[in-house]
Each structure stands twice: as structure tokens, then as C-alpha cells.
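Source file: coords07.pdb; contents: PDB, C-alpha atoms.
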ATOM      1  CA  MET A   1     142.166  69.151 137.956  1.00  0.00           C
ATOM      2  CA  LYS A   2     139.510  71.837 137.906  1.00  0.00           C
ATOM      3  CA  SER A   3     139.746  74.597 140.462  1.00  0.00           C
ATOM      4  CA  VAL A   4     136.973  76.267 142.426  1.00  0.00           C
ATOM      5  CA  SER A   5     136.656  79.974 141.841  1.00  0.00           C
ATOM      6  CA  PHE A   6     134.588  82.670 143.481  1.00  0.00           C
ATOM      7  CA  ASP A   7     132.813  85.094 141.181  1.00  0.00           C
ATOM      8  CA  SER A   8     132.385  88.307 143.136  1.00  0.00           C
ATOM      9  CA  THR A   9     130.083  89.849 140.521  1.00  0.00           C
ATOM     10  CA  ASN A  10     127.552  87.026 140.787  1.00  0.00           C
ATOM     11  CA  ALA A  11     127.862  87.017 144.572  1.00  0.00           C
ATOM     12  CA  THR A  12     127.182  90.746 144.702  1.00  0.00           C
ATOM     13  CA  CYS A  13     124.197  90.500 142.357  1.00  0.00           C
ATOM     14  CA  GLY A  14     122.808  87.550 144.319  1.00  0.00           C
ATOM     15  CA  ALA A  15     123.226  89.439 147.582  1.00  0.00           C
ATOM     16  CA  ILE A  16     121.377  92.424 146.108  1.00  0.00           C
ATOM     17  CA  PHE A  17     118.521  90.113 145.037  1.00  0.00           C
ATOM     18  CA  VAL A  18     118.374  88.597 148.512  1.00  0.00           C
ATOM     19  CA  ALA A  19     118.408  92.041 150.152  1.00  0.00           C
ATOM     20  CA  LEU A  20     115.637  93.315 147.856  1.00  0.00           C
ATOM     21  CA  GLY A  21     113.589  90.164 148.427  1.00  0.00           C
ATOM     22  CA  VAL A  22     113.870  90.474 152.199  1.00  0.00           C
ATOM     23  CA  PHE A  23     113.014  94.188 152.025  1.00  0.00           C
ATOM     24  CA  PHE A  24     109.903  93.628 149.911  1.00  0.00           C
ATOM     25  CA  ALA A  25     108.850  90.655 152.029  1.00  0.00           C
ATOM     26  CA  TYR A  26     109.123  92.838 155.129  1.00  0.00           C
ATOM     27  CA  GLN A  27     107.127  95.602 153.430  1.00  0.00           C
ATOM     28  CA  SER A  28     104.391  93.189 152.327  1.00  0.00           C
ATOM     29  CA  PHE A  29     103.708  92.288 155.963  1.00  0.00           C
ATOM     30  CA  ASN A  30     102.352  95.830 156.404  1.00  0.00           C
ATOM     31  CA  LEU A  31      99.500  94.853 154.064  1.00  0.00           C
ATOM     32  CA  ASP A  32      96.737  92.330 154.598  1.00  0.00           C
ATOM     33  CA  LEU A  33      98.032  88.958 153.370  1.00  0.00           C
ATOM     34  CA  GLY A  34      94.777  87.020 153.318  1.00  0.00           C
ATOM     35  CA  ARG A  35      94.779  83.338 152.391  1.00  0.00           C
ATOM     36  CA  ALA A  36      95.560  81.410 149.237  1.00  0.00           C
ATOM     37  CA  PHE A  37      91.903  81.385 148.154  1.00  0.00           C
ATOM     38  CA  ARG A  38      91.156  84.955 149.306  1.00  0.00           C
ATOM     39  CA  MET A  39      94.359  86.830 148.619  1.00  0.00           C
ATOM     40  CA  GLY A  40      94.904  90.190 150.207  1.00  0.00           C
ATOM     41  CA  PRO A  41      96.931  93.041 148.690  1.00  0.00           C
ATOM     42  CA  GLY A  42     100.132  91.811 150.347  1.00  0.00           C
ATOM     43  CA  TYR A  43      99.935  88.168 149.285  1.00  0.00           C
ATOM     44  CA  PHE A  44     101.282  88.455 145.724  1.00  0.00           C
ATOM     45  CA  PRO A  45     104.147  90.839 146.645  1.00  0.00           C
ATOM     46  CA  LEU A  46     105.134  88.430 149.418  1.00  0.00           C
ATOM     47  CA  VAL A  47     105.210  85.478 147.011  1.00  0.00           C
ATOM     48  CA  LEU A  48     107.310  87.468 144.510  1.00  0.00           C
ATOM     49  CA  ALA A  49     109.661  88.581 147.302  1.00  0.00           C
ATOM     50  CA  ILE A  50     110.149  84.977 148.413  1.00  0.00           C
ATOM     51  CA  ILE A  51     110.899  83.928 144.826  1.00  0.00           C
ATOM     52  CA  LEU A  52     113.375  86.811 144.443  1.00  0.00           C
ATOM     53  CA  THR A  53     115.093  85.826 147.685  1.00  0.00           C
ATOM     54  CA  LEU A  54     115.353  82.185 146.589  1.00  0.00           C
ATOM     55  CA  LEU A  55     116.779  83.150 143.190  1.00  0.00           C
ATOM     56  CA  GLY A  56     119.295  85.448 144.879  1.00  0.00           C
ATOM     57  CA  THR A  57     120.330  82.640 147.197  1.00  0.00           C
ATOM     58  CA  ILE A  58     120.826  80.307 144.231  1.00  0.00           C
ATOM     59  CA  ILE A  59     122.968  82.928 142.478  1.00  0.00           C
ATOM     60  CA  VAL A  60     125.111  83.403 145.604  1.00  0.00           C
ATOM     61  CA  ILE A  61     125.600  79.641 145.916  1.00  0.00           C
ATOM     62  CA  GLN A  62     126.520  79.349 142.244  1.00  0.00           C
ATOM     63  CA  SER A  63     129.044  82.185 142.528  1.00  0.00           C
ATOM     64  CA  ALA A  64     131.433  79.670 144.103  1.00  0.00           C
ATOM     65  CA  ARG A  65     131.663  77.162 141.304  1.00  0.00           C
ATOM     66  CA  VAL A  66     134.041  75.025 139.368  1.00  0.00           C
ATOM     67  CA  GLU A  67     135.865  76.739 136.544  1.00  0.00           C
ATOM     68  CA  GLY A  68     134.516  75.717 133.183  1.00  0.00           C
ATOM     69  CA  GLU A  69     134.241  77.112 129.720  1.00  0.00           C
ATOM     70  CA  PRO A  70     134.233  80.882 129.439  1.00  0.00           C
ATOM     71  CA  ILE A  71     130.996  82.660 128.642  1.00  0.00           C
ATOM     72  CA  GLY A  72     130.647  83.440 124.937  1.00  0.00           C
ATOM     73  CA  PRO A  73     130.080  86.836 123.414  1.00  0.00           C
ATOM     74  CA  ILE A  74     126.886  88.775 124.085  1.00  0.00           C
ATOM     75  CA  ALA A  75     124.145  87.983 121.569  1.00  0.00           C
ATOM     76  CA  TRP A  76     123.486  91.550 120.476  1.00  0.00           C
ATOM     77  CA  ARG A  77     121.176  90.469 117.679  1.00  0.00           C
ATOM     78  CA  GLY A  78     118.910  88.703 120.165  1.00  0.00           C
ATOM     79  CA  LEU A  79     118.856  91.727 122.440  1.00  0.00           C
ATOM     80  CA  LEU A  80     118.077  94.088 119.575  1.00  0.00           C
ATOM     81  CA  PHE A  81     115.103  92.034 118.353  1.00  0.00           C
ATOM     82  CA  ILE A  82     113.664  90.304 121.420  1.00  0.00           C
ATOM     83  CA  LEU A  83     113.597  93.273 123.798  1.00  0.00           C
ATOM     84  CA  PRO A  84     111.685  95.639 121.476  1.00  0.00           C
ATOM     85  CA  ALA A  85     109.024  93.021 120.611  1.00  0.00           C
ATOM     86  CA  PRO A  86     107.047  93.135 123.898  1.00  0.00           C
ATOM     87  CA  ILE A  87     107.532  96.896 124.065  1.00  0.00           C
ATOM     88  CA  PHE A  88     106.041  97.222 120.578  1.00  0.00           C
ATOM     89  CA  PHE A  89     103.160  94.936 121.605  1.00  0.00           C
ATOM     90  CA  GLY A  90     102.436  96.950 124.736  1.00  0.00           C
ATOM     91  CA  LEU A  91     102.482 100.260 122.883  1.00  0.00           C
ATOM     92  CA  THR A  92     100.302  99.153 119.958  1.00  0.00           C
ATOM     93  CA  VAL A  93      97.867  96.523 121.267  1.00  0.00           C
ATOM     94  CA  ARG A  94      95.137  99.097 122.012  1.00  0.00           C
ATOM     95  CA  GLY A  95      95.472 100.863 118.697  1.00  0.00           C
ATOM     96  CA  LEU A  96      96.172  97.962 116.340  1.00  0.00           C
ATOM     97  CA  GLY A  97      94.322  95.278 118.267  1.00  0.00           C
ATOM     98  CA  PHE A  98      95.516  91.912 119.525  1.00  0.00           C
ATOM     99  CA  VAL A  99      95.878  90.187 116.155  1.00  0.00           C
ATOM    100  CA  VAL A 100      97.959  92.807 114.351  1.00  0.00           C
ATOM    101  CA  ALA A 101     100.082  93.765 117.384  1.00  0.00           C
ATOM    102  CA  LEU A 102     100.851  90.120 118.143  1.00  0.00           C
ATOM    103  CA  PHE A 103     101.691  89.324 114.519  1.00  0.00           C
ATOM    104  CA  PHE A 104     104.202  92.176 114.248  1.00  0.00           C
ATOM    105  CA  SER A 105     105.649  91.506 117.718  1.00  0.00           C
ATOM    106  CA  ALA A 106     106.261  87.877 116.790  1.00  0.00           C
ATOM    107  CA  LEU A 107     107.707  89.008 113.456  1.00  0.00           C
ATOM    108  CA  ILE A 108     110.131  91.364 115.200  1.00  0.00           C
ATOM    109  CA  ALA A 109     111.207  88.729 117.731  1.00  0.00           C
ATOM    110  CA  SER A 110     111.641  86.030 115.104  1.00  0.00           C
ATOM    111  CA  PHE A 111     114.574  87.856 113.536  1.00  0.00           C
ATOM    112  CA  ALA A 112     116.636  87.349 116.707  1.00  0.00           C
ATOM    113  CA  SER A 113     117.910  84.155 115.106  1.00  0.00           C
ATOM    114  CA  GLN A 114     120.471  84.491 112.358  1.00  0.00           C
ATOM    115  CA  LYS A 115     118.963  81.443 110.651  1.00  0.00           C
ATOM    116  CA  MET A 116     115.498  82.984 110.301  1.00  0.00           C
ATOM    117  CA  ARG A 117     114.492  83.990 106.782  1.00  0.00           C
ATOM    118  CA  PRO A 118     111.582  86.339 105.964  1.00  0.00           C
ATOM    119  CA  PRO A 119     109.159  83.718 104.557  1.00  0.00           C
ATOM    120  CA  MET A 120     109.656  81.474 107.578  1.00  0.00           C
ATOM    121  CA  ALA A 121     109.351  84.464 109.947  1.00  0.00           C
ATOM    122  CA  VAL A 122     106.004  85.426 108.396  1.00  0.00           C
ATOM    123  CA  ALA A 123     104.778  81.820 108.619  1.00  0.00           C
ATOM    124  CA  LEU A 124     105.901  81.544 112.227  1.00  0.00           C
ATOM    125  CA  SER A 125     104.257  84.851 113.159  1.00  0.00           C
ATOM    126  CA  PHE A 126     101.044  83.806 111.424  1.00  0.00           C
ATOM    127  CA  GLY A 127     101.025  80.485 113.285  1.00  0.00           C
ATOM    128  CA  ILE A 128     101.646  82.125 116.664  1.00  0.00           C
ATOM    129  CA  THR A 129      98.896  84.650 115.990  1.00  0.00           C
ATOM    130  CA  VAL A 130      96.336  82.031 114.936  1.00  0.00           C
ATOM    131  CA  PHE A 131      97.184  79.830 117.921  1.00  0.00           C
ATOM    132  CA  SER A 132      97.022  82.755 120.381  1.00  0.00           C
ATOM    133  CA  VAL A 133      93.694  84.019 119.058  1.00  0.00           C
ATOM    134  CA  ALA A 134      92.275  80.493 119.206  1.00  0.00           C
ATOM    135  CA  VAL A 135      93.442  79.967 122.780  1.00  0.00           C
ATOM    136  CA  PHE A 136      92.892  83.390 124.337  1.00  0.00           C
ATOM    137  CA  SER A 137      89.918  84.689 122.406  1.00  0.00           C
ATOM    138  CA  TYR A 138      87.921  81.589 121.597  1.00  0.00           C
ATOM    139  CA  GLY A 139      89.190  79.050 124.135  1.00  0.00           C
ATOM    140  CA  LEU A 140      89.394  81.254 127.229  1.00  0.00           C
ATOM    141  CA  GLY A 141      86.904  83.862 126.038  1.00  0.00           C
ATOM    142  CA  LEU A 142      89.057  86.821 127.069  1.00  0.00           C
ATOM    143  CA  PRO A 143      87.425  90.129 126.173  1.00  0.00           C
ATOM    144  CA  PHE A 144      89.878  92.021 124.000  1.00  0.00           C
ATOM    145  CA  GLU A 145      89.619  93.672 120.636  1.00  0.00           C
ATOM    146  CA  ARG A 146      91.035  91.536 117.872  1.00  0.00           C
ATOM    147  CA  PHE A 147      91.386  94.532 115.549  1.00  0.00           C
ATOM    148  CA  GLY A 148      91.832  97.994 117.029  1.00  0.00           C
ATOM    149  CA  PRO A 149      90.699 101.425 115.872  1.00  0.00           C
ATOM    150  CA  TRP A 150      93.845 102.022 113.821  1.00  0.00           C
ATOM    151  CA  VAL A 151      93.099  99.168 111.401  1.00  0.00           C
ATOM    152  CA  ARG A 152      89.309  99.204 111.130  1.00  0.00           C
ATOM    153  CA  PHE A 153      87.993  99.320 107.624  1.00  0.00           C
TER
END

Could I get this file's structure written as C-alpha cells?
Amino acid sequence: MKSVSFDSTNATCGAIFVALGVFFAYQSFNLDLGRAFRMGPGYFPLVLAIILTLLGTIIVIQSARVEGEPIGPIAWRGLLFILPAPIFFGLTVRGLGFVVALFFSALIASFASQKMRPPMAVALSFGITVFSVAVFSYGLGLPFERFGPWVRF
């Protein structure tokens, strides 16, 4: 028979999320909330605070759960490749432009999988870049530079 255990680490983290959510919700009431169609400066922080509070509540509830399989080892490879990708994109998108920064960010993130090989990573990055340019630049008409000042010919 499986036993019910209480994970104090998850309960503590969930309680911190709930406390932060309540704090930010309280602080957002000092700003004008507005309405859903005419949002004030406090509307979006209030929505995020409510979401944070709900997620914290879910974590607290799940901290008392049935014992199951243990959590596996930390995927260090994923952390080392996925976390730097958006940082690289944010630091280089103005200089390299959307196309080049997105291509290299996708290339960096694609190596988080141990099964990814360089030719497939390049093809995947190319596909993501083409799709993103088609959607964001041509489809939505967002005004950004496709190629930045660092790569102009």
C-alpha cells in the first residue's frame, strides 16, 4: 500500500509563492485597475499576482501526496543549453537582428537533447527561423529589423 507523505520543501516554496502573490495583489490595488478593455497600470500585476497565488496553492496541495517514483537526476545538459539561449537572443537581437539572433538561439537550445546532431540542429534552427519570420514579420507585420547593424553588408 502506498503511503501519503508531506514534502516540506514543496510546502515552503508554495507558501512563499502564495505570500508573494498576496503581497503583489495588495500592492496592485494602490494603482488604477481599469477594466478588461481599458486596463490600468495595476490590472496586469493583479492578474499575475492571482496566477502566482493559484500556482502556490497548487504546489502546497501537491506537497501532501502519495509516494511514487523518486525524481531522476537533474538534466544539467538541458540547463546549460536552454537557459543561455534566450539570454543570447536578448543580448544580440538589436545588433544581429531578429533572423540571425533567433537562428543562433534556436541552435544553442537544440543541443539540450543528447540525441540532437549538428545537421538536424541546423535544419531545425532554419525551420524555426523561417516560420517565425513568416509569422511575426509578414503575418503580424511587427516592426523589427530582420538583420541588424552587426551583419549588414

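From atom CA of Met116 of chain A back to atom CA of Gly95 of chain A, the distance works out to 28.1 Å.
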
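Between Asn30 of chain A and the candidates A:Ile16, A:Ala106, A:Leu46, A:Met120, the tightest atom-to-atom separation, counting only C-alpha atoms, involves A:Leu46.
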
Would you list the residues near (97.9, 97.6, 118.0) (no more than 12 Å away, in the coordinates of the file, using only C-alpha atoms) as a tab-separated table (two decimals) with C-alpha atoms, keeping the file's coordinate frame?
chain	number	residue	atom	x	y	z
A	86	PRO	CA	107.05	93.14	123.90
A	87	ILE	CA	107.53	96.90	124.06
A	88	PHE	CA	106.04	97.22	120.58
A	89	PHE	CA	103.16	94.94	121.60
A	90	GLY	CA	102.44	96.95	124.74
A	91	LEU	CA	102.48	100.26	122.88
A	92	THR	CA	100.30	99.15	119.96
A	93	VAL	CA	97.87	96.52	121.27
A	94	ARG	CA	95.14	99.10	122.01
A	95	GLY	CA	95.47	100.86	118.70
A	96	LEU	CA	96.17	97.96	116.34
A	97	GLY	CA	94.32	95.28	118.27
A	98	PHE	CA	95.52	91.91	119.52
A	99	VAL	CA	95.88	90.19	116.16
A	100	VAL	CA	97.96	92.81	114.35
A	101	ALA	CA	100.08	93.76	117.38
A	102	LEU	CA	100.85	90.12	118.14
A	103	PHE	CA	101.69	89.32	114.52
A	104	PHE	CA	104.20	92.18	114.25
A	105	SER	CA	105.65	91.51	117.72
A	144	PHE	CA	89.88	92.02	124.00
A	145	GLU	CA	89.62	93.67	120.64
A	146	ARG	CA	91.04	91.54	117.87
A	147	PHE	CA	91.39	94.53	115.55
A	148	GLY	CA	91.83	97.99	117.03
A	149	PRO	CA	90.70	101.42	115.87
A	150	TRP	CA	93.84	102.02	113.82
A	151	VAL	CA	93.10	99.17	111.40
A	152	ARG	CA	89.31	99.20	111.13

Suppose a student applies the PyMOL selection byres ((chain A and resi 60) around 12) to this structure; what residues should they get, written as a list of chain:residue names?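 That expression, the PyMOL selection byres ((chain A and resi 60) around 12), corresponds here to A:Phe6, A:Asp7, A:Ser8, A:Thr9, A:Asn10, A:Ala11, A:Thr12, A:Cys13, A:Gly14, A:Ala15, A:Ile16, A:Phe17, A:Val18, A:Ala19, A:Thr53, A:Leu54, A:Leu55, A:Gly56, A:Thr57, A:Ile58, A:Ile59, A:Ile61, A:Gln62, A:Ser63, A:Ala64, A:Arg65.
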
Which one is closest to Leu33 of chain A: A:Val47, A:Val130, A:Gln114, A:Gly21? Count only C-alpha atoms.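 For Leu33 of chain A, the nearest of the given residues is A:Val47.
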
At what distance in Å, to one decimal, does atom CA of Ile82 of chain A lie from atom CA of Phe111 of chain A?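 The value is 8.3 Å.
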
Students should find that atom CA of Phe136 of chain A and atom CA of Ile51 of chain A are spaced 27.3 Å

For the PyMOL selection byres ((chain A and resi 109) around 10), applied here, can you spell out every residue it catches as a short mmCIF file (atom, residue, chain, number, x, y, z; two decimals) with C-alpha atoms, in the frame of the given file?
data_model
loop_
_atom_site.label_atom_id
_atom_site.label_comp_id
_atom_site.auth_asym_id
_atom_site.auth_seq_id
_atom_site.Cartn_x
_atom_site.Cartn_y
_atom_site.Cartn_z
CA GLY A 78 118.91 88.70 120.16
CA LEU A 79 118.86 91.73 122.44
CA LEU A 80 118.08 94.09 119.58
CA PHE A 81 115.10 92.03 118.35
CA ILE A 82 113.66 90.30 121.42
CA LEU A 83 113.60 93.27 123.80
CA PRO A 84 111.68 95.64 121.48
CA ALA A 85 109.02 93.02 120.61
CA PRO A 86 107.05 93.14 123.90
CA PHE A 104 104.20 92.18 114.25
CA SER A 105 105.65 91.51 117.72
CA ALA A 106 106.26 87.88 116.79
CA LEU A 107 107.71 89.01 113.46
CA ILE A 108 110.13 91.36 115.20
CA SER A 110 111.64 86.03 115.10
CA PHE A 111 114.57 87.86 113.54
CA ALA A 112 116.64 87.35 116.71
CA SER A 113 117.91 84.16 115.11
CA ALA A 121 109.35 84.46 109.95
CA SER A 125 104.26 84.85 113.16
#

Given 8 Å of margin on each side, can you work out the centre and size in Å (one decimal) of an axis-aligned box holding every listed atom of segment 135-141 of chain A, as JSON?
{"center_x": 90.2, "center_y": 81.9, "center_z": 124.4, "size_x": 22.5, "size_y": 21.6, "size_z": 21.6}
